[in-house]
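The structure file coords.txt is reproduced below (compact mmCIF, C-alpha atoms and all ligand atoms).
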```
# COMPACT_ATOMS: atom_id res chain seq x y z
CA MET K 277 0.00 0.00 0.00
CA LEU K 278 1.28 3.44 -0.88
CA SER K 279 2.27 5.52 2.07
CA ARG K 280 0.73 8.94 2.38
CA HIS K 281 4.11 10.45 1.51
CA HIS K 282 3.52 9.31 -2.04
CA ARG K 283 0.13 10.89 -2.37
CA SER K 284 -0.73 14.35 -3.49
CA TYR K 285 -4.06 15.34 -2.10
CA SER K 286 -3.97 18.55 -4.06
CA LYS K 287 -4.31 16.40 -7.22
CA ASP K 288 -7.75 15.46 -5.96
CA VAL K 289 -8.97 18.93 -6.71
CA GLU K 290 -7.25 19.56 -10.05
CA SER K 291 -10.32 18.88 -12.11
CA THR K 292 -12.51 21.44 -10.41
CA THR K 293 -15.08 23.38 -12.36
CA THR K 294 -14.76 27.16 -12.60
CA ASP K 295 -17.47 27.53 -10.01
CA SER K 296 -15.85 25.27 -7.49
CA MET K 297 -12.34 26.65 -8.14
CA LEU K 298 -13.40 29.69 -6.14
CA THR K 299 -13.90 27.45 -3.18
CA LEU K 300 -11.21 24.91 -3.71
CA GLU K 301 -8.30 27.20 -4.30
CA SER K 302 -8.16 27.66 -0.54
CA VAL K 303 -7.56 23.94 -0.12
CA SER K 304 -3.86 23.84 0.54
CA ALA K 305 -1.39 22.06 2.71
CA GLY K 306 -3.11 22.75 6.04
CA CYS K 307 -3.43 19.03 6.74
CA SER K 308 -0.22 17.20 7.29
CA GLU K 309 0.41 14.38 4.83
CA GLY K 310 1.24 12.23 7.81
CA ASN K 311 3.91 9.74 8.69
CA PHE K 312 1.83 6.94 10.12
CA VAL K 313 4.60 4.35 9.97
CA PRO K 314 4.00 2.14 13.04
CA ALA K 315 0.25 1.99 12.78
CA ARG K 316 0.26 1.51 9.00
CA LYS K 317 1.89 -1.91 9.41
CA ALA K 318 -1.38 -3.28 10.77
CA LEU K 319 -3.06 -2.38 7.50
CA ARG K 320 -0.93 -4.60 5.27
CA ASP K 321 -3.57 -7.23 4.69
CA PHE K 322 -6.51 -5.37 6.23
CA ALA K 323 -8.57 -5.09 3.06
CA THR K 324 -8.02 -8.78 2.33
CA ARG K 325 -9.13 -9.80 5.81
CA ALA K 326 -12.15 -7.51 5.61
CA ILE K 327 -13.27 -9.31 2.45
CA HIS K 328 -12.30 -12.88 3.39
CA VAL K 329 -12.34 -13.54 7.15
CA GLY K 330 -15.81 -14.82 8.03
CA GLN K 331 -16.77 -14.12 4.43
CA GLU K 332 -15.80 -17.55 3.04
CA PRO K 333 -18.04 -18.97 0.27
CA ASP K 334 -20.95 -21.01 1.59
CA ASP K 335 -19.92 -24.69 2.04
CA GLU K 336 -23.15 -26.09 0.72
CA THR K 337 -23.77 -24.00 -2.40
CA GLY K 338 -20.58 -22.04 -3.03
CA ALA K 339 -22.51 -18.76 -2.67
CA VAL K 340 -19.94 -15.97 -2.56
CA ALA K 341 -22.04 -13.79 -0.28
CA ALA K 342 -22.73 -15.08 3.22
CA PRO K 343 -26.19 -16.60 3.55
CA ILE K 344 -28.60 -14.94 5.96
CA TYR K 345 -29.68 -17.70 8.34
CA ALA K 346 -33.19 -16.48 9.08
CA THR K 347 -34.07 -19.19 11.56
CA SER K 348 -35.01 -19.15 15.21
CA THR K 349 -34.07 -22.76 15.90
CA TYR K 350 -32.17 -25.74 14.44
CA VAL K 351 -33.36 -29.34 14.06
CA GLN K 352 -31.47 -31.85 16.21
CA ARG K 353 -30.75 -35.40 15.03
CA GLU K 354 -31.44 -36.95 18.40
CA LEU K 355 -31.38 -35.93 22.04
CA GLY K 356 -28.17 -34.05 22.76
CA ALA K 357 -26.95 -34.23 19.11
CA ASN K 358 -27.12 -30.91 17.28
CA LYS K 359 -25.08 -29.64 14.36
CA GLN K 360 -23.33 -27.05 16.53
CA TYR K 361 -26.38 -24.76 16.61
CA GLU K 362 -29.38 -24.98 18.95
CA TYR K 363 -31.23 -21.68 19.18
CA ALA K 364 -30.65 -18.34 17.43
CA ARG K 365 -30.26 -16.22 20.56
CA VAL K 366 -27.27 -18.40 21.49
CA SER K 367 -25.65 -18.49 18.07
CA ASN K 368 -26.33 -17.98 14.40
CA PRO K 369 -23.97 -18.72 11.49
CA THR K 370 -24.34 -15.25 9.92
CA ARG K 371 -23.57 -13.64 13.29
CA ASN K 372 -20.61 -15.96 13.85
CA ARG K 373 -19.17 -14.88 10.51
CA LEU K 374 -19.29 -11.20 11.43
CA GLU K 375 -17.94 -11.92 14.92
CA ARG K 376 -14.89 -13.61 13.37
CA ASN K 377 -14.46 -10.80 10.86
CA LEU K 378 -14.48 -7.97 13.41
CA ALA K 379 -12.17 -9.88 15.78
CA SER K 380 -9.68 -10.15 12.94
CA LEU K 381 -9.94 -6.48 11.91
CA GLU K 382 -9.39 -5.25 15.48
CA GLY K 383 -6.70 -7.84 16.29
CA GLY K 384 -8.74 -9.50 19.08
CA ILE K 385 -9.40 -13.17 19.79
CA ALA K 386 -13.20 -12.96 19.46
CA SER K 387 -16.01 -10.48 19.21
CA ARG K 388 -19.63 -10.47 20.35
CA LEU K 389 -22.43 -8.65 18.56
CA PHE K 390 -25.37 -6.82 20.08
CA ALA K 391 -28.47 -5.02 18.87
CA SER K 392 -26.90 -1.54 19.01
CA GLY K 393 -23.76 0.19 20.18
CA MET K 394 -25.49 0.99 23.47
CA ALA K 395 -26.57 -2.65 23.90
CA ALA K 396 -22.92 -3.68 23.42
CA ILE K 397 -21.71 -1.19 26.04
CA ASN K 398 -24.45 -2.28 28.44
CA ALA K 399 -23.57 -5.96 27.92
CA LEU K 400 -19.91 -5.22 28.57
CA CYS K 401 -20.79 -3.44 31.83
CA THR K 402 -22.70 -6.48 33.10
CA MET K 403 -19.28 -8.14 33.54
CA TYR K 404 -18.73 -5.78 36.49
CA LYS K 405 -20.71 -5.63 39.71
CA SER K 406 -22.08 -3.44 42.42
CA GLY K 407 -19.32 -1.45 44.12
CA ASP K 408 -17.05 -1.61 41.07
CA HIS K 409 -15.67 1.74 39.95
CA VAL K 410 -15.12 2.96 36.39
CA VAL K 411 -12.91 5.85 35.26
CA CYS K 412 -14.19 7.34 32.01
CA GLY K 413 -13.67 10.22 29.63
CA ARG K 414 -15.53 13.41 30.56
CA ASN K 415 -16.61 13.92 26.97
CA LEU K 416 -18.16 10.62 25.90
CA TYR K 417 -20.99 10.07 23.41
CA GLY K 418 -24.02 11.35 25.40
CA GLY K 419 -25.78 7.97 25.49
CA VAL K 420 -22.91 6.46 27.50
CA PRO K 421 -23.10 8.74 30.59
CA ARG K 422 -26.90 8.40 30.34
CA LEU K 423 -26.50 4.61 30.67
CA PHE K 424 -23.82 4.92 33.35
CA ASN K 425 -25.52 7.56 35.53
CA ASN K 426 -29.21 6.81 35.01
CA VAL K 427 -29.15 3.02 34.78
CA LEU K 428 -25.97 1.36 36.03
CA ALA K 429 -25.34 3.71 38.97
CA GLY K 430 -28.70 2.44 40.25
CA TYR K 431 -27.14 -1.03 40.48
CA GLY K 432 -24.26 0.27 42.59
CA MET K 433 -21.56 0.86 39.96
CA GLU K 434 -19.60 4.08 40.40
CA PHE K 435 -18.29 6.35 37.66
CA THR K 436 -15.69 9.12 37.70
CA TYR K 437 -15.36 11.37 34.65
CA VAL K 438 -11.92 12.82 33.88
CA ASP K 439 -10.12 14.51 31.01
CA THR K 440 -8.46 11.41 29.53
CA SER K 441 -6.39 13.51 27.12
CA ASP K 442 -3.85 13.50 29.98
CA ALA K 443 -3.08 9.95 31.17
CA ARG K 444 -2.10 11.34 34.60
CA ASN K 445 -5.75 12.26 35.23
CA VAL K 446 -6.66 8.61 34.70
CA GLU K 447 -3.91 7.47 37.05
CA CYS K 448 -5.07 9.89 39.78
CA ALA K 449 -8.71 8.77 39.49
CA ILE K 450 -7.98 5.04 39.91
CA ARG K 451 -9.12 3.61 43.28
CA THR K 452 -8.81 0.17 44.83
CA ARG K 453 -12.28 -0.74 43.48
CA THR K 454 -11.58 0.54 39.95
CA ARG K 455 -12.13 -2.26 37.44
CA MET K 456 -12.40 -0.45 34.13
CA VAL K 457 -11.14 2.63 32.28
CA TYR K 458 -13.50 3.60 29.46
CA VAL K 459 -12.18 5.90 26.72
CA GLU K 460 -13.34 7.37 23.42
CA THR K 461 -10.67 8.80 21.17
CA PRO K 462 -11.21 11.14 19.37
CA THR K 463 -14.02 12.57 21.45
CA ASN K 464 -17.27 13.88 20.10
CA PRO K 465 -17.55 16.71 19.12
CA LEU K 466 -14.29 18.36 20.25
CA MET K 467 -12.00 15.78 18.66
CA GLU K 468 -9.73 15.51 21.71
CA LEU K 469 -7.40 12.50 21.67
CA SER K 470 -6.32 10.19 24.46
CA ASP K 471 -2.90 8.55 24.42
CA LEU K 472 -3.91 4.89 24.41
CA ALA K 473 -0.41 3.48 24.97
CA ALA K 474 0.10 5.74 28.02
CA ILE K 475 -3.35 4.94 29.47
CA SER K 476 -2.81 1.24 28.87
CA ASN K 477 0.42 1.40 30.92
CA VAL K 478 -1.54 2.97 33.77
CA CYS K 479 -4.23 0.29 33.48
CA ARG K 480 -1.75 -2.57 33.40
CA SER K 481 0.07 -1.44 36.50
CA SER K 482 -3.27 -1.14 38.36
CA LYS K 483 -4.74 -4.35 36.85
CA VAL K 484 -7.69 -2.46 35.41
CA ASP K 485 -9.38 -3.27 32.07
CA LEU K 486 -8.93 -0.66 29.36
CA VAL K 487 -11.98 -0.42 27.08
CA VAL K 488 -11.80 1.81 24.00
CA ASP K 489 -14.73 2.91 21.85
CA ASN K 490 -13.21 2.86 18.35
CA THR K 491 -16.37 3.91 16.50
CA PHE K 492 -15.00 7.21 15.13
CA MET K 493 -11.82 5.82 13.62
CA SER K 494 -12.79 2.22 12.77
CA PRO K 495 -10.08 -0.45 12.94
CA TYR K 496 -8.79 0.84 9.61
CA PHE K 497 -7.47 4.03 11.18
CA GLN K 498 -6.87 3.01 14.78
CA GLN K 499 -5.93 -0.30 16.42
CA PRO K 500 -6.51 0.12 20.17
CA ILE K 501 -5.67 -3.52 20.97
CA ALA K 502 -2.20 -3.12 19.44
CA LEU K 503 -1.80 -0.12 21.77
CA GLY K 504 -2.78 -2.13 24.86
CA ALA K 505 -6.60 -2.04 25.08
CA ASP K 506 -8.27 -5.12 26.61
CA MET K 507 -11.57 -4.62 24.82
CA VAL K 508 -12.80 -2.52 21.91
CA VAL K 509 -16.35 -1.31 21.52
CA HIS K 510 -18.10 -0.29 18.31
CA SER K 511 -21.34 1.19 17.26
CA THR K 512 -21.36 -0.79 13.98
CA THR K 513 -24.14 1.63 13.03
CA LYS K 514 -21.40 4.04 11.92
CA PHE K 515 -18.36 3.37 9.68
CA LEU K 516 -18.38 -0.46 9.92
CA ASN K 517 -21.81 -0.67 8.35
CA GLY K 518 -21.15 2.56 6.50
CA HIS K 519 -24.49 2.94 4.74
CA SER K 520 -26.76 4.33 7.49
CA ASP K 521 -29.16 1.43 7.11
CA GLY K 522 -28.88 -0.48 10.37
CA LEU K 523 -28.04 -0.30 14.06
CA GLY K 524 -25.56 -2.61 15.74
CA GLY K 525 -22.85 -2.91 18.33
CA ALA K 526 -19.77 -5.04 18.95
CA VAL K 527 -17.34 -5.81 21.74
CA VAL K 528 -13.99 -7.19 20.59
CA CYS K 529 -12.13 -9.13 23.28
CA THR K 530 -8.51 -10.08 23.89
CA LYS K 531 -9.12 -12.45 26.80
CA PRO K 532 -10.97 -15.79 26.58
CA GLU K 533 -12.78 -15.16 29.88
CA HIS K 534 -14.26 -11.90 28.55
CA ALA K 535 -15.33 -13.51 25.27
CA GLU K 536 -16.90 -16.42 27.13
CA ARG K 537 -18.72 -14.17 29.58
CA LEU K 538 -20.07 -11.93 26.80
CA GLY K 539 -21.24 -15.02 24.89
CA PHE K 540 -23.11 -15.98 28.03
CA VAL K 541 -24.58 -12.45 28.27
CA GLN K 542 -25.83 -12.78 24.67
CA LYS K 543 -27.62 -15.98 25.64
CA ALA K 544 -28.83 -14.77 29.04
CA ALA K 545 -29.89 -11.21 28.24
CA GLY K 546 -30.61 -11.68 24.55
CA ALA K 547 -29.88 -8.25 23.00
CA ILE K 548 -28.18 -9.90 20.01
CA LEU K 549 -27.80 -8.53 16.49
CA SER K 550 -30.24 -10.05 13.99
CA PRO K 551 -28.92 -12.17 11.09
CA PHE K 552 -30.04 -9.56 8.54
CA GLU K 553 -28.28 -6.72 10.39
CA CYS K 554 -25.15 -8.92 10.65
CA TRP K 555 -25.32 -9.45 6.92
CA LEU K 556 -25.54 -5.71 6.28
CA VAL K 557 -22.37 -5.16 8.31
CA LEU K 558 -20.60 -8.10 6.62
CA ARG K 559 -21.45 -6.43 3.34
CA GLY K 560 -20.37 -3.02 4.65
CA VAL K 561 -16.95 -4.09 5.93
CA LYS K 562 -16.02 -5.48 2.51
CA THR K 563 -15.58 -1.88 1.38
CA LEU K 564 -14.35 -0.47 4.70
CA ALA K 565 -10.78 0.10 3.50
CA VAL K 566 -11.73 1.98 0.33
CA ARG K 567 -14.48 3.91 2.08
CA MET K 568 -12.17 5.00 4.90
CA GLU K 569 -9.51 6.11 2.43
CA GLN K 570 -12.08 8.24 0.65
CA HIS K 571 -13.64 9.53 3.89
CA ASP K 572 -10.15 10.54 5.02
CA ARG K 573 -9.24 12.19 1.73
CA ASN K 574 -12.49 14.15 1.69
CA GLY K 575 -12.19 14.90 5.42
CA ARG K 576 -8.75 16.48 5.00
CA LEU K 577 -9.91 18.63 2.10
CA VAL K 578 -13.06 19.79 3.89
CA ALA K 579 -11.04 20.56 7.07
CA ASP K 580 -8.59 22.58 4.98
CA PHE K 581 -11.40 24.45 3.30
CA LEU K 582 -13.13 25.24 6.58
CA SER K 583 -9.92 26.34 8.27
CA HIS K 584 -9.38 28.93 5.51
CA HIS K 585 -12.94 30.27 5.44
CA LYS K 586 -13.38 33.74 6.96
CA LYS K 587 -16.75 32.88 8.51
CA VAL K 588 -15.31 29.90 10.41
CA LYS K 589 -13.84 30.79 13.80
CA LYS K 590 -12.30 27.45 14.69
CA VAL K 591 -11.91 23.96 13.24
CA TYR K 592 -11.43 20.85 15.39
CA TYR K 593 -9.73 18.11 13.34
CA PRO K 594 -6.65 16.09 14.37
CA GLY K 595 -5.28 16.28 10.82
CA LEU K 596 -4.73 20.03 11.04
CA SER K 597 -1.22 20.88 12.15
CA ASP K 598 -2.60 23.38 14.69
CA HIS K 599 -4.60 20.65 16.49
CA PRO K 600 -2.99 20.50 19.96
CA GLN K 601 -2.54 16.72 19.69
CA HIS K 602 -1.58 16.49 16.04
CA ASP K 603 1.65 14.64 16.91
CA LEU K 604 -0.26 12.05 18.92
CA ALA K 605 -2.67 11.62 15.99
CA MET K 606 0.29 10.86 13.74
CA ARG K 607 1.63 8.27 16.18
CA GLN K 608 -1.61 6.62 17.13
CA MET K 609 -3.77 6.72 14.01
CA ASN K 610 -3.37 5.68 10.39
CA GLY K 611 -5.47 8.53 9.10
CA PHE K 612 -7.44 11.45 10.44
CA GLY K 613 -10.92 10.34 9.46
CA ALA K 614 -13.99 12.21 8.40
CA VAL K 615 -15.44 13.81 11.51
CA ILE K 616 -14.80 17.54 11.82
CA THR K 617 -16.27 20.11 14.19
CA PHE K 618 -16.28 23.81 13.36
CA ASP K 619 -17.50 26.94 15.06
CA ILE K 620 -19.32 29.71 13.21
CA GLY K 621 -20.16 31.87 16.21
CA GLU K 622 -23.85 32.45 16.81
CA LEU K 623 -26.70 29.94 17.08
CA SER K 624 -28.46 31.95 14.34
CA ASN K 625 -25.48 31.36 12.03
CA ALA K 626 -25.71 27.60 12.62
CA GLN K 627 -29.47 27.73 12.04
CA SER K 628 -29.23 29.58 8.76
CA MET K 629 -26.27 27.55 7.50
CA VAL K 630 -27.97 24.17 7.95
CA LYS K 631 -31.13 25.47 6.24
CA ARG K 632 -29.18 26.34 3.10
CA LEU K 633 -27.36 23.03 2.66
CA ARG K 634 -28.30 20.99 -0.42
CA VAL K 635 -25.76 18.15 -0.68
CA CYS K 636 -25.01 17.81 3.03
CA SER K 637 -27.98 16.85 5.21
CA LEU K 638 -28.87 17.80 8.77
CA GLY K 639 -29.06 14.66 10.89
CA GLU K 640 -27.64 12.81 13.88
CA SER K 641 -25.20 9.92 13.41
CA LEU K 642 -22.04 9.67 11.35
CA GLY K 643 -19.93 7.28 9.34
CA GLY K 644 -22.28 6.77 6.40
CA VAL K 645 -21.41 7.35 2.76
CA GLU K 646 -23.48 10.55 2.79
CA THR K 647 -22.34 13.78 4.42
CA LEU K 648 -24.28 14.53 7.59
CA ILE K 649 -24.14 17.67 9.69
CA SER K 650 -25.35 17.87 13.25
CA HIS K 651 -25.65 20.65 15.81
CA PRO K 652 -24.24 19.27 19.08
CA ALA K 653 -25.84 21.91 21.35
CA THR K 654 -29.40 21.06 20.30
CA MET K 655 -28.91 17.46 19.15
CA THR K 656 -26.28 15.02 20.51
CA HIS K 657 -25.43 17.14 23.57
CA ALA K 658 -28.81 18.72 24.34
CA ALA K 659 -29.23 16.49 27.40
CA VAL K 660 -25.89 17.65 28.84
CA GLY K 661 -27.47 21.06 29.63
CA GLU K 662 -26.06 24.54 29.12
CA ASN K 663 -23.64 24.39 32.05
CA GLY K 664 -22.43 20.95 31.10
CA ARG K 665 -21.81 22.11 27.53
CA ARG K 666 -19.96 25.19 28.74
CA GLU K 667 -17.72 23.02 30.94
CA ILE K 668 -16.89 20.72 28.03
CA GLY K 669 -16.44 23.64 25.61
CA ILE K 670 -19.40 23.07 23.30
CA THR K 671 -20.79 26.33 21.91
CA GLU K 672 -24.08 27.10 20.18
CA GLY K 673 -22.26 28.01 16.98
CA MET K 674 -20.63 24.60 16.66
CA LEU K 675 -21.52 22.19 13.88
CA ARG K 676 -20.17 18.68 13.49
CA ILE K 677 -19.78 17.26 10.04
CA SER K 678 -19.34 13.60 9.13
CA VAL K 679 -17.84 13.95 5.69
CA GLY K 680 -19.21 11.37 3.28
CA ILE K 681 -17.69 9.96 0.13
CA GLU K 682 -19.57 12.10 -2.37
CA ASN K 683 -17.50 14.12 -4.82
CA VAL K 684 -15.59 16.41 -2.46
CA GLU K 685 -16.04 19.41 -4.75
CA ASP K 686 -19.79 19.09 -4.39
CA ILE K 687 -19.48 18.95 -0.60
CA ILE K 688 -17.20 21.97 -0.44
CA VAL K 689 -19.24 24.05 -2.90
CA ASP K 690 -22.34 23.28 -0.83
CA LEU K 691 -20.64 24.26 2.44
CA ASN K 692 -19.26 27.40 0.81
CA GLN K 693 -22.60 28.66 -0.50
CA ALA K 694 -24.20 28.02 2.90
CA LEU K 695 -21.37 29.79 4.74
CA GLU K 696 -21.32 32.76 2.37
CA ALA K 697 -25.00 33.37 3.02
CA ILE K 698 -24.75 33.75 6.82
N1 LIG W 1 -20.33 5.16 20.65
C1 LIG W 1 -20.24 6.27 19.89
C2 LIG W 1 -18.90 6.94 19.75
C3 LIG W 1 -21.35 6.78 19.24
O1 LIG W 1 -21.23 7.89 18.49
C4 LIG W 1 -22.61 6.12 19.40
C5 LIG W 1 -23.82 6.62 18.74
O2 LIG W 1 -23.85 7.68 18.14
C6 LIG W 1 -22.66 4.99 20.22
C7 LIG W 1 -21.51 4.52 20.81
C8 LIG W 1 -23.96 4.25 20.43
O3 LIG W 1 -24.25 3.48 19.31
P1 LIG W 1 -25.74 3.09 18.83
O4 LIG W 1 -26.40 4.35 18.37
O5 LIG W 1 -25.48 2.10 17.73
O6 LIG W 1 -26.42 2.48 19.99
```

Would you write out, as structure tokens, the structure that this file holds?
Amino acid sequence: MLSRHHRSYSKDVESTTTDSMLTLESVSAGCSEGNFVPARKALRDFATRAIHVGQEPDDETGAVAAPIYATSTYVQRELGANKQYEYARVSNPTRNRLERNLASLEGGIASRLFASGMAAINALCTMYKSGDHVVCGRNLYGGVPRLFNNVLAGYGMEFTYVDTSDARNVECAIRTRTRMVYVETPTNPLMELSDLAAISNVCRSSKVDLVVDNTFMSPYFQQPIALGADMVVHSTTKFLNGHSDGLGGAVVCTKPEHAERLGFVQKAAGAILSPFECWLVLRGVKTLAVRMEQHDRNGRLVADFLSHHKKVKKVYYPGLSDHPQHDLAMRQMNGFGAVITFDIGELSNAQSMVKRLRVCSLGESLGGVETLISHPATMTHAAVGENGRREIGITEGMLRISVGIENVEDIIVDLNQALEAI
């Protein structure tokens, strides 16, 4: 695979129309080309594994695409003699395929699939018990503190929220009853990074599990297990599926006891991913490598464009050389991804900008092929409240964009006309 040194992103915009030239001429070298040497190694056969692990042709018919086993139960030859499958809540061949695939892509030993990202996180937390303490990022996806504070705290689990961008904060927050450190990197929407290798050292010396939500980067751009994570969580709803047509969640494990316990939780609690949804993700991951490359290419160009636009006050994107953790991004990630947050000042500016968009759509979620824009203050982070948002640093003029894989000129021209009008 070509390294990013050999690529010229400016070539991507050479064929611009006269109209879009106005916009695209500002797209320059603001984003570093990157020297992702250590992390890039993990990508050598990534695309091949994405297409072949768990995606083997069907034994019976030779079908190239995995069959969807739409069955609730399996006939048994005689008492106690089944063909490996008994009941679909316990296991399903389509689900097993995706579980093998995601374990391979993240470098784990096994993965377990659940009905949504939140169901996966909830299932993972059932491995801990009353009195156990969790140290987590202060700026997690809003649904996670909602689960922690409003559901699991009621069962006696305790949570401390710290700024995980400094591993020392994690170290200071660890107590004798701490069992898990839970991190998202980059965070939503401020795109703050956490140093996974440093946090994993802290966790190892305290014998605490490190769990990383890798939804924003996907295993293509970030390999938390290689950096020391014990478990990786995904909302497969996002980049892994990639087409905004299904919900799902995964936990990838590195330890047999975790994989076994989560298999038991699938059977006992039952929030498993359906065979059809598994099939959608199996289909989605086949193109993960090419999609992520395109998301990243478009993301860099859009971040460059935004950072040069006079109406934009600030851009939050780890690929920009002025991002405070740009060096960490280069060490820890293979690319910068497609999620960008930018600030255009007033709430009224955000309101009028999103009304004028034609190619980009206003909507929650991210990681699909289409460009989506959301307004954290009134959407993803509404429940955090004004004070909470102020503490985190979320303003009313902030918009978060998940850059899709449309023609980047069309995205930029659309953003430009909407920005010019405010
Ligand atoms: N983790 C992250 C980083 C997310 O952004 C989300 C949803 O937006 C979730 C977890 C929850 O996933 P789901 O919506 O599939 O339950």

Quick one: residues within 7 Å of stretch 516-519 of chain K, only C-alpha atoms, excluding same-chain residues fewer than 5 positions away - as a list in words?
Ser494, Leu556, Val557, Gly560, Val561, Leu564, Gly643, Gly644 and Val645 of chain K

Residues up to 9 Å from ligand LIG 1 (chain W), counting all atoms listed in the file: could you list those as a PyMOL selection string?
chain K and resi 391-397+416-420+460-464+489-492+509-514+522-525+640-642+656

Find the residues with any atom within 10 Å of (-19.1, 28.5, 23.5); use all atoms listed in the file and the coordinates as given in the file, and write the answer as a PyMOL selection string.
chain K and resi 619+621-622+653+662+665-674

Produce a file of the selected residues containing C-alpha atoms, as a PDB file, in the coordinates of the input.
```pdb
ATOM      1  CA  ASP K 619     -17.500  26.940  15.060  1.00  0.00           C
ATOM      2  CA  GLY K 621     -20.160  31.870  16.210  1.00  0.00           C
ATOM      3  CA  GLU K 622     -23.850  32.450  16.810  1.00  0.00           C
ATOM      4  CA  ALA K 653     -25.840  21.910  21.350  1.00  0.00           C
ATOM      5  CA  GLU K 662     -26.060  24.540  29.120  1.00  0.00           C
ATOM      6  CA  ARG K 665     -21.810  22.110  27.530  1.00  0.00           C
ATOM      7  CA  ARG K 666     -19.960  25.190  28.740  1.00  0.00           C
ATOM      8  CA  GLU K 667     -17.720  23.020  30.940  1.00  0.00           C
ATOM      9  CA  ILE K 668     -16.890  20.720  28.030  1.00  0.00           C
ATOM     10  CA  GLY K 669     -16.440  23.640  25.610  1.00  0.00           C
ATOM     11  CA  ILE K 670     -19.400  23.070  23.300  1.00  0.00           C
ATOM     12  CA  THR K 671     -20.790  26.330  21.910  1.00  0.00           C
ATOM     13  CA  GLU K 672     -24.080  27.100  20.180  1.00  0.00           C
ATOM     14  CA  GLY K 673     -22.260  28.010  16.980  1.00  0.00           C
ATOM     15  CA  MET K 674     -20.630  24.600  16.660  1.00  0.00           C
TER      16      MET K 674
END
```

Please, what distance in Å, to one decimal, runs between atom CA of K:Tyr404 and atom CA of K:His534?
11.0 Å

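Distance annotation: of K:Met493, K:Met467, K:Leu691, K:Leu355, the residue with the minimal separation from K:His599 is K:Met467; atom set is all atoms listed in the file.
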
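In terms of minimum interatomic distance to K:Cys401, K:Leu538 ranks closest within K:Leu538, K:Ile548, K:Leu503, K:Val488, counting all atoms listed in the file.
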
For K:Leu695, work out the shell of residues within 12 Å, counting all atoms listed in the file and skipping chain neighbours fewer than 4 positions away, then give it as a PyMOL selection string.
chain K and resi 299+581-582+585-589+618-621+625-633+675+688-691

Using only C-alpha atoms, which of K:Asp521, K:Glu354, K:Asp471, K:Asp408 sits nearest K:Glu553?
K:Asp521

Give one line per residue of stretch 484-596 of chain K that approaches stretch 331-353 of chain K to at most 8 Å, naming the two atoms of the closest pair and their distance in Å to one decimal, counting all atoms listed in the file; sort by chain then ascending residue number and deliver it as JSON lines.
```
{"residue": "K:Pro551", "atom": "CA", "partner": "K:Ile344", "partner_atom": "CA", "distance": 5.8}
{"residue": "K:Phe552", "atom": "CA", "partner": "K:Ile344", "partner_atom": "CA", "distance": 6.1}
{"residue": "K:Trp555", "atom": "CA", "partner": "K:Ile344", "partner_atom": "CA", "distance": 6.5}
{"residue": "K:Leu558", "atom": "CA", "partner": "K:Gln331", "partner_atom": "CA", "distance": 7.5}
```

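Minimum distance to K:Pro369 across K:Thr452, K:Arg414, K:Ser550, K:Lys543 (counting all atoms listed in the file) occurs at K:Ser550.
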
How many Å separate atom CA of K:Leu486 from atom CA of K:Val457?
4.9 Å

Just how far from atom CA of K:Arg573 is atom CA of K:Asn683, in Å to one decimal?
10.7 Å

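Proximity to K:Ala474 was assessed for K:Val427, K:Leu381, K:Leu604, K:Ile687 counting all atoms listed in the file; the smallest distance is recorded for K:Leu604.
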
Please list, as a PyMOL selection string, the residues that have an atom at most 6 Å away from (-16.4, 17.6, 15.3) in the coordinates of this file, counting only C-alpha atoms.
chain K and resi 465-467+592+615-617+676

Grab the residues selected above and save them as a PDB file, keeping the file's coordinate frame with C-alpha atoms.
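For reference, part_1.pdb as written:
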```pdb
ATOM      1  CA  PRO K 465     -17.550  16.710  19.120  1.00  0.00           C
ATOM      2  CA  LEU K 466     -14.290  18.360  20.250  1.00  0.00           C
ATOM      3  CA  MET K 467     -12.000  15.780  18.660  1.00  0.00           C
ATOM      4  CA  TYR K 592     -11.430  20.850  15.390  1.00  0.00           C
ATOM      5  CA  VAL K 615     -15.440  13.810  11.510  1.00  0.00           C
ATOM      6  CA  ILE K 616     -14.800  17.540  11.820  1.00  0.00           C
ATOM      7  CA  THR K 617     -16.270  20.110  14.190  1.00  0.00           C
ATOM      8  CA  ARG K 676     -20.170  18.680  13.490  1.00  0.00           C
TER       9      ARG K 676
END
```

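Restricting the calculation to only C-alpha atoms, the smallest distance between K:Asp485 and any of K:Ser470, K:Asn398, K:Asp439, K:Val411 is found for K:Val411.
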
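All residues of protein, DNA or RNA that reach within 10 Å of K:Gly383, judged by all atoms listed in the file and not counting those fewer than 6 positions away in the chain, are K:Ala318, K:Asn377, K:Pro495, K:Gln499, K:Pro500, K:Ile501, K:Ala502, K:Val508, K:Val528, K:Cys529, K:Thr530.
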
Missing atoms in stretch 378-382 of chain K need filling: write out N, CA and C atoms for it as a short mmCIF file (atom, residue, chain, number, x, y, z; two decimals), keeping the file's coordinate frame.
```
data_model
loop_
_atom_site.label_atom_id
_atom_site.label_comp_id
_atom_site.auth_asym_id
_atom_site.auth_seq_id
_atom_site.Cartn_x
_atom_site.Cartn_y
_atom_site.Cartn_z
N LEU K 378 -14.84 -9.16 12.62
CA LEU K 378 -14.48 -7.97 13.41
C LEU K 378 -13.33 -8.27 14.37
N ALA K 379 -13.29 -9.50 14.90
CA ALA K 379 -12.17 -9.88 15.78
C ALA K 379 -10.86 -9.76 14.99
N SER K 380 -10.89 -10.21 13.75
CA SER K 380 -9.68 -10.15 12.94
C SER K 380 -9.29 -8.69 12.65
N LEU K 381 -10.27 -7.87 12.29
CA LEU K 381 -9.94 -6.48 11.91
C LEU K 381 -9.40 -5.68 13.09
N GLU K 382 -9.88 -5.99 14.31
CA GLU K 382 -9.39 -5.25 15.48
C GLU K 382 -8.19 -5.92 16.14
#
```
